[in-house]
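Q: Data: my_file_23.cif, mmCIF, N, CA and C atoms.
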```cif
data_final
loop_
_atom_site.label_atom_id
_atom_site.label_comp_id
_atom_site.auth_asym_id
_atom_site.auth_seq_id
_atom_site.Cartn_x
_atom_site.Cartn_y
_atom_site.Cartn_z
N MET H 1 -5.42 4.35 -9.75
CA MET H 1 -6.09 5.21 -8.81
C MET H 1 -5.52 5.00 -7.40
N HIS H 2 -5.37 3.73 -7.04
CA HIS H 2 -4.87 3.41 -5.71
C HIS H 2 -3.47 3.99 -5.50
N GLY H 3 -2.63 3.86 -6.49
CA GLY H 3 -1.27 4.38 -6.40
C GLY H 3 -1.24 5.89 -6.27
N LEU H 4 -2.13 6.56 -6.97
CA LEU H 4 -2.17 8.02 -6.90
C LEU H 4 -2.61 8.50 -5.51
N LEU H 5 -3.57 7.79 -4.92
CA LEU H 5 -4.00 8.16 -3.56
C LEU H 5 -2.87 7.93 -2.56
N ASP H 6 -2.14 6.83 -2.74
CA ASP H 6 -1.02 6.53 -1.84
C ASP H 6 0.08 7.58 -2.00
N LEU H 7 0.40 7.94 -3.23
CA LEU H 7 1.40 8.98 -3.48
C LEU H 7 0.94 10.31 -2.90
N GLY H 8 -0.34 10.62 -3.06
CA GLY H 8 -0.89 11.86 -2.53
C GLY H 8 -0.78 11.93 -1.02
N MET H 9 -1.00 10.79 -0.34
CA MET H 9 -0.90 10.77 1.11
C MET H 9 0.55 11.02 1.54
N THR H 10 1.49 10.43 0.83
CA THR H 10 2.90 10.64 1.14
C THR H 10 3.29 12.10 0.93
N LEU H 11 2.90 12.65 -0.21
CA LEU H 11 3.24 14.04 -0.50
C LEU H 11 2.58 15.01 0.48
N LEU H 12 1.34 14.71 0.87
CA LEU H 12 0.66 15.54 1.86
C LEU H 12 1.40 15.51 3.19
N GLY H 13 1.81 14.33 3.62
CA GLY H 13 2.55 14.21 4.87
C GLY H 13 3.86 14.97 4.84
N ILE H 14 4.58 14.86 3.74
CA ILE H 14 5.86 15.58 3.60
C ILE H 14 5.62 17.08 3.57
N ALA H 15 4.60 17.52 2.83
CA ALA H 15 4.29 18.95 2.75
C ALA H 15 3.92 19.50 4.13
N LEU H 16 3.15 18.73 4.89
CA LEU H 16 2.78 19.18 6.23
C LEU H 16 3.99 19.25 7.14
N LEU H 17 4.91 18.31 6.99
CA LEU H 17 6.15 18.38 7.79
C LEU H 17 6.95 19.63 7.44
N LEU H 18 7.06 19.90 6.15
CA LEU H 18 7.86 21.04 5.71
C LEU H 18 7.23 22.38 6.08
N THR H 19 5.91 22.39 6.25
CA THR H 19 5.24 23.65 6.61
C THR H 19 5.05 23.80 8.12
N GLY H 20 5.64 22.89 8.88
CA GLY H 20 5.62 23.02 10.33
C GLY H 20 4.37 22.49 11.01
N ASN H 21 3.79 21.44 10.47
CA ASN H 21 2.60 20.82 11.07
C ASN H 21 2.87 19.35 11.40
N PRO H 22 3.83 19.06 12.28
CA PRO H 22 4.16 17.66 12.54
C PRO H 22 3.05 16.90 13.25
N ALA H 23 2.18 17.56 13.99
CA ALA H 23 1.10 16.87 14.70
C ALA H 23 0.11 16.23 13.73
N ILE H 24 -0.01 16.79 12.54
CA ILE H 24 -0.89 16.22 11.52
C ILE H 24 -0.08 15.31 10.58
N ALA H 25 1.15 15.71 10.27
CA ALA H 25 1.96 14.99 9.30
C ALA H 25 2.38 13.60 9.79
N ILE H 26 2.77 13.49 11.05
CA ILE H 26 3.29 12.22 11.55
C ILE H 26 2.23 11.12 11.52
N PRO H 27 0.99 11.37 11.97
CA PRO H 27 -0.03 10.31 11.84
C PRO H 27 -0.32 9.93 10.38
N ILE H 28 -0.35 10.91 9.49
CA ILE H 28 -0.60 10.62 8.08
C ILE H 28 0.51 9.75 7.51
N LEU H 29 1.76 10.10 7.80
CA LEU H 29 2.88 9.29 7.32
C LEU H 29 2.90 7.92 7.99
N GLY H 30 2.48 7.85 9.26
CA GLY H 30 2.41 6.56 9.94
C GLY H 30 1.41 5.63 9.28
N VAL H 31 0.24 6.16 8.95
CA VAL H 31 -0.78 5.36 8.26
C VAL H 31 -0.26 4.94 6.89
N ASP H 32 0.44 5.82 6.20
CA ASP H 32 0.99 5.51 4.89
C ASP H 32 2.01 4.39 4.98
N ILE H 33 2.88 4.42 5.98
CA ILE H 33 3.89 3.37 6.15
C ILE H 33 3.24 2.03 6.45
N ILE H 34 2.27 2.02 7.35
CA ILE H 34 1.56 0.78 7.68
C ILE H 34 0.85 0.22 6.45
N HIS H 35 0.19 1.09 5.71
CA HIS H 35 -0.51 0.68 4.49
C HIS H 35 0.46 0.09 3.48
N THR H 36 1.61 0.73 3.31
CA THR H 36 2.62 0.24 2.37
C THR H 36 3.12 -1.14 2.77
N LEU H 37 3.37 -1.35 4.06
CA LEU H 37 3.83 -2.66 4.53
C LEU H 37 2.78 -3.74 4.29
N ILE H 38 1.52 -3.44 4.56
CA ILE H 38 0.44 -4.42 4.37
C ILE H 38 0.31 -4.79 2.89
N VAL H 39 0.31 -3.80 2.01
CA VAL H 39 0.17 -4.07 0.58
C VAL H 39 1.38 -4.85 0.07
N THR H 40 2.58 -4.51 0.53
CA THR H 40 3.79 -5.23 0.10
C THR H 40 3.73 -6.69 0.52
N ILE H 41 3.32 -6.95 1.75
CA ILE H 41 3.21 -8.34 2.22
C ILE H 41 2.16 -9.09 1.41
N MET H 42 1.02 -8.45 1.15
CA MET H 42 -0.02 -9.10 0.35
C MET H 42 0.47 -9.42 -1.06
N LEU H 43 1.27 -8.52 -1.65
CA LEU H 43 1.83 -8.79 -2.97
C LEU H 43 2.80 -9.97 -2.93
N LEU H 44 3.64 -10.02 -1.91
CA LEU H 44 4.65 -11.08 -1.81
C LEU H 44 4.04 -12.46 -1.57
N ILE H 45 2.94 -12.53 -0.83
CA ILE H 45 2.35 -13.84 -0.57
C ILE H 45 1.27 -14.21 -1.59
N GLY H 46 1.00 -13.31 -2.54
CA GLY H 46 0.11 -13.63 -3.66
C GLY H 46 -1.37 -13.56 -3.35
N VAL H 47 -1.78 -12.64 -2.48
CA VAL H 47 -3.21 -12.50 -2.19
C VAL H 47 -3.77 -11.13 -2.59
N TYR H 48 -2.93 -10.24 -3.09
CA TYR H 48 -3.39 -8.91 -3.50
C TYR H 48 -4.10 -9.02 -4.84
N LYS H 49 -5.29 -8.41 -4.94
CA LYS H 49 -6.06 -8.47 -6.18
C LYS H 49 -6.20 -7.08 -6.78
N ASP H 50 -6.23 -7.03 -8.11
CA ASP H 50 -6.41 -5.77 -8.80
C ASP H 50 -7.89 -5.41 -8.85
N GLY H 51 -8.22 -4.35 -9.57
CA GLY H 51 -9.60 -3.89 -9.65
C GLY H 51 -10.53 -4.86 -10.34
N ASN H 52 -9.99 -5.79 -11.11
CA ASN H 52 -10.81 -6.79 -11.80
C ASN H 52 -10.90 -8.09 -11.02
N GLY H 53 -10.32 -8.14 -9.83
CA GLY H 53 -10.37 -9.35 -9.01
C GLY H 53 -9.31 -10.37 -9.33
N LYS H 54 -8.36 -10.02 -10.19
CA LYS H 54 -7.28 -10.94 -10.54
C LYS H 54 -6.11 -10.75 -9.59
N ILE H 55 -5.48 -11.86 -9.22
CA ILE H 55 -4.34 -11.81 -8.30
C ILE H 55 -3.15 -11.16 -9.01
N VAL H 56 -2.50 -10.24 -8.31
CA VAL H 56 -1.31 -9.58 -8.83
C VAL H 56 -0.11 -10.36 -8.30
N SER H 57 0.71 -10.89 -9.20
CA SER H 57 1.85 -11.68 -8.77
C SER H 57 3.11 -11.20 -9.47
N TYR H 58 4.25 -11.57 -8.90
CA TYR H 58 5.51 -11.25 -9.55
C TYR H 58 5.85 -12.37 -10.53
N PRO H 59 6.68 -12.11 -11.54
CA PRO H 59 7.01 -13.13 -12.54
C PRO H 59 7.60 -14.37 -11.90
N GLY H 60 7.04 -15.51 -12.24
CA GLY H 60 7.53 -16.79 -11.72
C GLY H 60 6.94 -17.19 -10.39
N GLN H 61 6.07 -16.37 -9.82
CA GLN H 61 5.47 -16.70 -8.53
C GLN H 61 4.52 -17.88 -8.68
N VAL H 62 4.65 -18.87 -7.79
CA VAL H 62 3.77 -20.03 -7.78
C VAL H 62 2.60 -19.71 -6.85
N LEU H 63 1.40 -19.75 -7.42
CA LEU H 63 0.21 -19.42 -6.65
C LEU H 63 -0.57 -20.69 -6.32
N ASN H 64 -1.15 -20.72 -5.13
CA ASN H 64 -1.99 -21.84 -4.71
C ASN H 64 -3.30 -21.74 -5.49
N GLN H 65 -3.59 -22.71 -6.34
CA GLN H 65 -4.78 -22.66 -7.17
C GLN H 65 -6.05 -23.05 -6.41
N ASN H 66 -5.90 -23.72 -5.27
CA ASN H 66 -7.05 -24.15 -4.47
C ASN H 66 -6.93 -23.62 -3.06
N PRO H 67 -7.16 -22.31 -2.86
CA PRO H 67 -7.02 -21.75 -1.52
C PRO H 67 -8.06 -22.30 -0.56
N GLN H 68 -7.66 -22.47 0.68
CA GLN H 68 -8.57 -22.97 1.72
C GLN H 68 -9.47 -21.84 2.19
N PRO H 69 -10.76 -22.12 2.46
CA PRO H 69 -11.67 -21.05 2.92
C PRO H 69 -11.35 -20.59 4.32
#
```
Would it be possible to restate this file's structure as structure tokens?
A:
Amino acid sequence: MHGLLDLGMTLLGIALLLTGNPAIAIPILGVDIIHTLIVTIMLLIGVYKDGNGKIVSYPGQVLNQNPQP
């Protein structure tokens, strides 16, 4: 679901650009870029959780089993 909303925001921004609405498209694409950077960083450092609350990690990633509060 999350991926579909993110893809939809990107496609909406591109469609608005192509139809001559840059005043609306640029902020939407800006939010999308910032969101993508935040999620990517969270994935790389091992703090992003899926819908079930489980940490999403890349293969071989070493996760801190006792995170500090």
Q: Between atom C of Gly51 in chain H and atom N of Gly3 in chain H, what is the distance, to one decimal in Å?
A: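 These atoms are spaced 12.4 Å apart.
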Q: Decode the PyMOL selection byres ((chain H and resi 29-43) around 6.5) for the given file into explicit residues and return them as a list of chain:residue names.
A: H:Met9, H:Thr10, H:Gly13, H:Ile24, H:Ala25, H:Ile26, H:Pro27, H:Ile28, H:Leu44, H:Ile45, H:Gly46, H:Val47, H:Tyr48, H:Val56, H:Ser57, H:Tyr58
Q: Between atom N of Pro22 in chain H and atom N of His2 in chain H, what is the distance in Å, rounded to a tenth?
A: 26.3 Å
Q: Please compute the atom N of Asp50 in chain H-atom N of Leu7 in chain H distance, one decimal, in Å.
A: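 Atom-to-atom, atom N of Asp50 in chain H and atom N of Leu7 in chain H are spaced 17.1 Å apart.
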